[in-house]
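First up is the structure itself, then whatever we jot down about it.
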Amino acid sequence: MTVPTTALHPVLLKPEEAAEMLRIGRSKLYELLAARELTSIKIGRSRRIRPDDITAYIERQATAD
């Protein structure tokens, strides 16, 4: 059975994709990762970010005001 690719949601995002979702630059995203304000996982040499972690970061920022 094949599933149309448009129906799939990524489980993990590349840093560039996460930065695009947040509408920030890649450097700023890496700053957030280094400060542990945004969490990521490492697979080999690659960093990946869960969409749920992006949502949690946004919620924390919204309540910090």
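Going by the structure tokens order, chains are called A, B, ..., each with residues numbered from 1, while ligands are numbered from 1 in the order shown.
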Practice task
Return as a list of chain:residue names the full set of residues in chain A whose backbone-based DSSP assignment is strand (DSSP E).
Solution key: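 Going through chain A, the strand (DSSP E) residues come out as A:Ile41, A:Lys42, A:Ile43, A:Ser46, A:Arg47, A:Arg48.
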Output the selection as a JSON list (two decimals), in the first residue's frame - all heavy atoms for each residue.
[["chain", "number", "residue", "atom", "x", "y", "z"],
["A", 41, "ILE", "N", 17.73, 16.27, 18.65],
["A", 41, "ILE", "CA", 18.35, 14.96, 18.82],
["A", 41, "ILE", "C", 19.45, 14.84, 17.78],
["A", 41, "ILE", "O", 19.44, 15.54, 16.77],
["A", 41, "ILE", "CB", 17.34, 13.80, 18.69],
["A", 41, "ILE", "CG1", 16.72, 13.77, 17.30],
["A", 41, "ILE", "CG2", 16.27, 13.89, 19.76],
["A", 41, "ILE", "CD1", 15.91, 12.52, 17.04],
["A", 42, "LYS", "N", 20.40, 13.99, 18.07],
["A", 42, "LYS", "CA", 21.51, 13.79, 17.15],
["A", 42, "LYS", "C", 21.41, 12.39, 16.57],
["A", 42, "LYS", "O", 21.26, 11.41, 17.30],
["A", 42, "LYS", "CB", 22.83, 13.98, 17.89],
["A", 42, "LYS", "CG", 24.00, 14.14, 16.98],
["A", 42, "LYS", "CD", 25.21, 14.60, 17.75],
["A", 42, "LYS", "CE", 26.35, 14.79, 16.76],
["A", 42, "LYS", "NZ", 27.58, 15.19, 17.43],
["A", 43, "ILE", "N", 21.49, 12.30, 15.26],
["A", 43, "ILE", "CA", 21.50, 11.03, 14.56],
["A", 43, "ILE", "C", 22.79, 11.04, 13.74],
["A", 43, "ILE", "O", 22.89, 11.78, 12.76],
["A", 43, "ILE", "CB", 20.27, 10.86, 13.64],
["A", 43, "ILE", "CG1", 18.99, 10.93, 14.47],
["A", 43, "ILE", "CG2", 20.36, 9.55, 12.87],
["A", 43, "ILE", "CD1", 17.72, 10.90, 13.66],
["A", 46, "SER", "N", 24.19, 14.36, 12.32],
["A", 46, "SER", "CA", 23.10, 15.29, 11.98],
["A", 46, "SER", "C", 22.25, 15.64, 13.19],
["A", 46, "SER", "O", 22.01, 14.81, 14.06],
["A", 46, "SER", "CB", 22.19, 14.65, 10.92],
["A", 46, "SER", "OG", 22.91, 14.33, 9.77],
["A", 47, "ARG", "N", 21.79, 16.87, 13.23],
["A", 47, "ARG", "CA", 20.84, 17.34, 14.24],
["A", 47, "ARG", "C", 19.46, 17.33, 13.62],
["A", 47, "ARG", "O", 19.27, 17.71, 12.45],
["A", 47, "ARG", "CB", 21.16, 18.78, 14.66],
["A", 47, "ARG", "CG", 22.33, 18.89, 15.54],
["A", 47, "ARG", "CD", 21.91, 18.68, 16.98],
["A", 47, "ARG", "NE", 23.09, 18.47, 17.78],
["A", 47, "ARG", "CZ", 23.08, 17.81, 18.92],
["A", 47, "ARG", "NH1", 21.97, 17.32, 19.39],
["A", 47, "ARG", "NH2", 24.17, 17.65, 19.60],
["A", 48, "ARG", "N", 18.48, 16.90, 14.41],
["A", 48, "ARG", "CA", 17.09, 16.92, 13.97],
["A", 48, "ARG", "C", 16.23, 17.47, 15.10],
["A", 48, "ARG", "O", 16.51, 17.25, 16.28],
["A", 48, "ARG", "CB", 16.60, 15.52, 13.58],
["A", 48, "ARG", "CG", 17.32, 14.94, 12.36],
["A", 48, "ARG", "CD", 17.00, 15.73, 11.11],
["A", 48, "ARG", "NE", 17.60, 15.19, 9.92],
["A", 48, "ARG", "CZ", 18.72, 15.65, 9.37],
["A", 48, "ARG", "NH1", 19.35, 16.67, 9.91],
["A", 48, "ARG", "NH2", 19.20, 15.10, 8.28]]
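By chain and then residue number, the residues within 10 Å of stretch 14-22 of chain A are Pro10, Arg26, Ser27, Lys28, Leu29, Tyr30, Leu33, Ser40, Ser46, Arg47, Arg48, Ile49, Arg50, Pro51, Asp53, Ile54, Thr55, Tyr57 and Ile58 of chain A, counting only C-alpha atoms and disregarding those fewer than 4 positions away in sequence.
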May I have the selected residues written with N, CA, C and O atoms, as a JSON list (two decimals), in the first residue's frame?
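Below you can see out08.json, which holds the result:
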[["chain", "number", "residue", "atom", "x", "y", "z"],
["A", 10, "PRO", "N", 6.43, 15.22, 8.50],
["A", 10, "PRO", "CA", 7.75, 14.80, 8.97],
["A", 10, "PRO", "C", 7.77, 14.63, 10.48],
["A", 10, "PRO", "O", 7.19, 15.42, 11.22],
["A", 26, "ARG", "N", 19.26, 30.38, 10.17],
["A", 26, "ARG", "CA", 19.87, 29.14, 10.62],
["A", 26, "ARG", "C", 20.82, 29.38, 11.80],
["A", 26, "ARG", "O", 20.84, 28.60, 12.75],
["A", 27, "SER", "N", 21.56, 30.48, 11.77],
["A", 27, "SER", "CA", 22.48, 30.80, 12.86],
["A", 27, "SER", "C", 21.74, 31.00, 14.17],
["A", 27, "SER", "O", 22.17, 30.53, 15.22],
["A", 28, "LYS", "N", 20.62, 31.71, 14.10],
["A", 28, "LYS", "CA", 19.81, 31.94, 15.30],
["A", 28, "LYS", "C", 19.27, 30.63, 15.84],
["A", 28, "LYS", "O", 19.24, 30.41, 17.05],
["A", 29, "LEU", "N", 18.87, 29.72, 14.95],
["A", 29, "LEU", "CA", 18.38, 28.42, 15.39],
["A", 29, "LEU", "C", 19.48, 27.67, 16.14],
["A", 29, "LEU", "O", 19.24, 27.11, 17.21],
["A", 30, "TYR", "N", 20.69, 27.70, 15.61],
["A", 30, "TYR", "CA", 21.80, 27.03, 16.29],
["A", 30, "TYR", "C", 22.11, 27.69, 17.63],
["A", 30, "TYR", "O", 22.51, 27.01, 18.58],
["A", 33, "LEU", "N", 19.63, 26.24, 20.00],
["A", 33, "LEU", "CA", 20.02, 24.87, 20.34],
["A", 33, "LEU", "C", 21.17, 24.87, 21.34],
["A", 33, "LEU", "O", 21.16, 24.11, 22.30],
["A", 40, "SER", "N", 16.97, 19.24, 20.54],
["A", 40, "SER", "CA", 17.16, 18.49, 19.30],
["A", 40, "SER", "C", 17.71, 17.12, 19.64],
["A", 40, "SER", "O", 18.09, 16.86, 20.79],
["A", 46, "SER", "N", 24.19, 14.36, 12.32],
["A", 46, "SER", "CA", 23.10, 15.29, 11.98],
["A", 46, "SER", "C", 22.25, 15.64, 13.19],
["A", 46, "SER", "O", 22.01, 14.81, 14.06],
["A", 47, "ARG", "N", 21.79, 16.87, 13.23],
["A", 47, "ARG", "CA", 20.84, 17.34, 14.24],
["A", 47, "ARG", "C", 19.46, 17.33, 13.62],
["A", 47, "ARG", "O", 19.27, 17.71, 12.45],
["A", 48, "ARG", "N", 18.48, 16.90, 14.41],
["A", 48, "ARG", "CA", 17.09, 16.92, 13.97],
["A", 48, "ARG", "C", 16.23, 17.47, 15.10],
["A", 48, "ARG", "O", 16.51, 17.25, 16.28],
["A", 49, "ILE", "N", 15.17, 18.16, 14.74],
["A", 49, "ILE", "CA", 14.28, 18.79, 15.70],
["A", 49, "ILE", "C", 12.88, 18.24, 15.50],
["A", 49, "ILE", "O", 12.39, 18.17, 14.38],
["A", 50, "ARG", "N", 12.24, 17.86, 16.62],
["A", 50, "ARG", "CA", 10.87, 17.38, 16.54],
["A", 50, "ARG", "C", 9.92, 18.57, 16.43],
["A", 50, "ARG", "O", 10.10, 19.57, 17.13],
["A", 51, "PRO", "N", 8.91, 18.48, 15.57],
["A", 51, "PRO", "CA", 7.93, 19.56, 15.48],
["A", 51, "PRO", "C", 7.28, 19.88, 16.84],
["A", 51, "PRO", "O", 6.99, 21.05, 17.13],
["A", 53, "ASP", "N", 8.75, 19.87, 19.68],
["A", 53, "ASP", "CA", 9.69, 20.72, 20.43],
["A", 53, "ASP", "C", 9.61, 22.17, 19.95],
["A", 53, "ASP", "O", 9.78, 23.09, 20.74],
["A", 54, "ILE", "N", 9.34, 22.36, 18.68],
["A", 54, "ILE", "CA", 9.15, 23.72, 18.16],
["A", 54, "ILE", "C", 7.88, 24.33, 18.75],
["A", 54, "ILE", "O", 7.88, 25.47, 19.21],
["A", 55, "THR", "N", 6.82, 23.54, 18.80],
["A", 55, "THR", "CA", 5.56, 24.00, 19.39],
["A", 55, "THR", "C", 5.76, 24.35, 20.86],
["A", 55, "THR", "O", 5.28, 25.39, 21.32],
["A", 57, "TYR", "N", 8.52, 25.26, 22.35],
["A", 57, "TYR", "CA", 9.33, 26.49, 22.42],
["A", 57, "TYR", "C", 8.44, 27.72, 22.20],
["A", 57, "TYR", "O", 8.53, 28.70, 22.93],
["A", 58, "ILE", "N", 7.57, 27.64, 21.20],
["A", 58, "ILE", "CA", 6.68, 28.77, 20.92],
["A", 58, "ILE", "C", 5.75, 29.03, 22.10],
["A", 58, "ILE", "O", 5.53, 30.18, 22.49]]
Problem - Backbone DSSP call of helix (DSSP H, G or I) for chain A, listed as a PyMOL selection string - result: chain A and resi 5-7+15-22+26-34+51-64
Only N, CA and C atoms, please: the residues just picked out, written as a compact mmCIF listing (two decimals), in the first residue's frame.
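The resulting selection-v3.txt:
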# COMPACT_ATOMS: atom_id res chain seq x y z
N THR A 5 2.56 11.19 -0.62
CA THR A 5 3.54 11.94 0.16
C THR A 5 2.96 13.21 0.77
N THR A 6 1.91 13.75 0.20
CA THR A 6 1.30 14.95 0.77
C THR A 6 0.60 14.65 2.09
N ALA A 7 0.27 13.39 2.35
CA ALA A 7 -0.42 13.02 3.58
C ALA A 7 0.56 12.80 4.73
N PRO A 15 17.57 21.27 10.68
CA PRO A 15 17.66 22.63 11.26
C PRO A 15 17.17 23.72 10.32
N GLU A 16 17.47 23.59 9.04
CA GLU A 16 17.03 24.59 8.07
C GLU A 16 15.50 24.64 7.99
N GLU A 17 14.86 23.48 8.06
CA GLU A 17 13.40 23.43 8.02
C GLU A 17 12.79 24.03 9.28
N ALA A 18 13.41 23.73 10.43
CA ALA A 18 12.93 24.28 11.70
C ALA A 18 13.08 25.80 11.71
N ALA A 19 14.21 26.29 11.21
CA ALA A 19 14.43 27.74 11.14
C ALA A 19 13.39 28.40 10.24
N GLU A 20 13.08 27.74 9.15
CA GLU A 20 12.07 28.29 8.23
C GLU A 20 10.70 28.33 8.92
N MET A 21 10.36 27.29 9.67
CA MET A 21 9.08 27.28 10.39
C MET A 21 8.99 28.43 11.37
N LEU A 22 10.11 28.71 12.06
CA LEU A 22 10.14 29.78 13.05
C LEU A 22 10.40 31.15 12.43
N ARG A 26 19.26 30.38 10.17
CA ARG A 26 19.87 29.14 10.62
C ARG A 26 20.82 29.38 11.80
N SER A 27 21.56 30.48 11.77
CA SER A 27 22.48 30.80 12.86
C SER A 27 21.74 31.00 14.17
N LYS A 28 20.62 31.71 14.10
CA LYS A 28 19.81 31.94 15.30
C LYS A 28 19.27 30.63 15.84
N LEU A 29 18.87 29.72 14.95
CA LEU A 29 18.38 28.42 15.39
C LEU A 29 19.48 27.67 16.14
N TYR A 30 20.69 27.70 15.61
CA TYR A 30 21.80 27.03 16.29
C TYR A 30 22.11 27.69 17.63
N GLU A 31 21.91 29.00 17.74
CA GLU A 31 22.07 29.68 19.04
C GLU A 31 21.04 29.15 20.03
N LEU A 32 19.80 28.99 19.60
CA LEU A 32 18.76 28.44 20.48
C LEU A 32 19.09 27.02 20.91
N LEU A 33 19.63 26.24 20.00
CA LEU A 33 20.02 24.87 20.34
C LEU A 33 21.17 24.87 21.34
N ALA A 34 22.17 25.72 21.13
CA ALA A 34 23.32 25.80 22.02
C ALA A 34 22.91 26.25 23.42
N PRO A 51 8.91 18.48 15.57
CA PRO A 51 7.93 19.56 15.48
C PRO A 51 7.28 19.88 16.84
N ASP A 52 7.09 18.87 17.68
CA ASP A 52 6.52 19.10 19.01
C ASP A 52 7.44 19.99 19.86
N ASP A 53 8.75 19.87 19.68
CA ASP A 53 9.69 20.72 20.43
C ASP A 53 9.61 22.17 19.95
N ILE A 54 9.34 22.36 18.68
CA ILE A 54 9.15 23.72 18.16
C ILE A 54 7.88 24.33 18.75
N THR A 55 6.82 23.54 18.80
CA THR A 55 5.56 24.00 19.39
C THR A 55 5.76 24.35 20.86
N ALA A 56 6.47 23.51 21.60
CA ALA A 56 6.72 23.76 23.02
C ALA A 56 7.54 25.04 23.21
N TYR A 57 8.52 25.26 22.35
CA TYR A 57 9.33 26.49 22.42
C TYR A 57 8.44 27.72 22.20
N ILE A 58 7.57 27.64 21.20
CA ILE A 58 6.68 28.77 20.92
C ILE A 58 5.75 29.03 22.10
N GLU A 59 5.23 27.98 22.70
CA GLU A 59 4.35 28.13 23.87
C GLU A 59 5.09 28.79 25.04
N ARG A 60 6.34 28.37 25.27
CA ARG A 60 7.13 28.97 26.35
C ARG A 60 7.37 30.46 26.08
N GLN A 61 7.63 30.80 24.82
CA GLN A 61 7.86 32.20 24.48
C GLN A 61 6.59 33.02 24.64
N ALA A 62 5.45 32.43 24.30
CA ALA A 62 4.19 33.14 24.39
C ALA A 62 3.81 33.42 25.85
N THR A 63 4.15 32.52 26.76
CA THR A 63 3.80 32.71 28.17
C THR A 63 4.85 33.54 28.90
N ALA A 64 6.00 33.76 28.29
CA ALA A 64 7.07 34.53 28.92
C ALA A 64 6.79 36.04 28.88
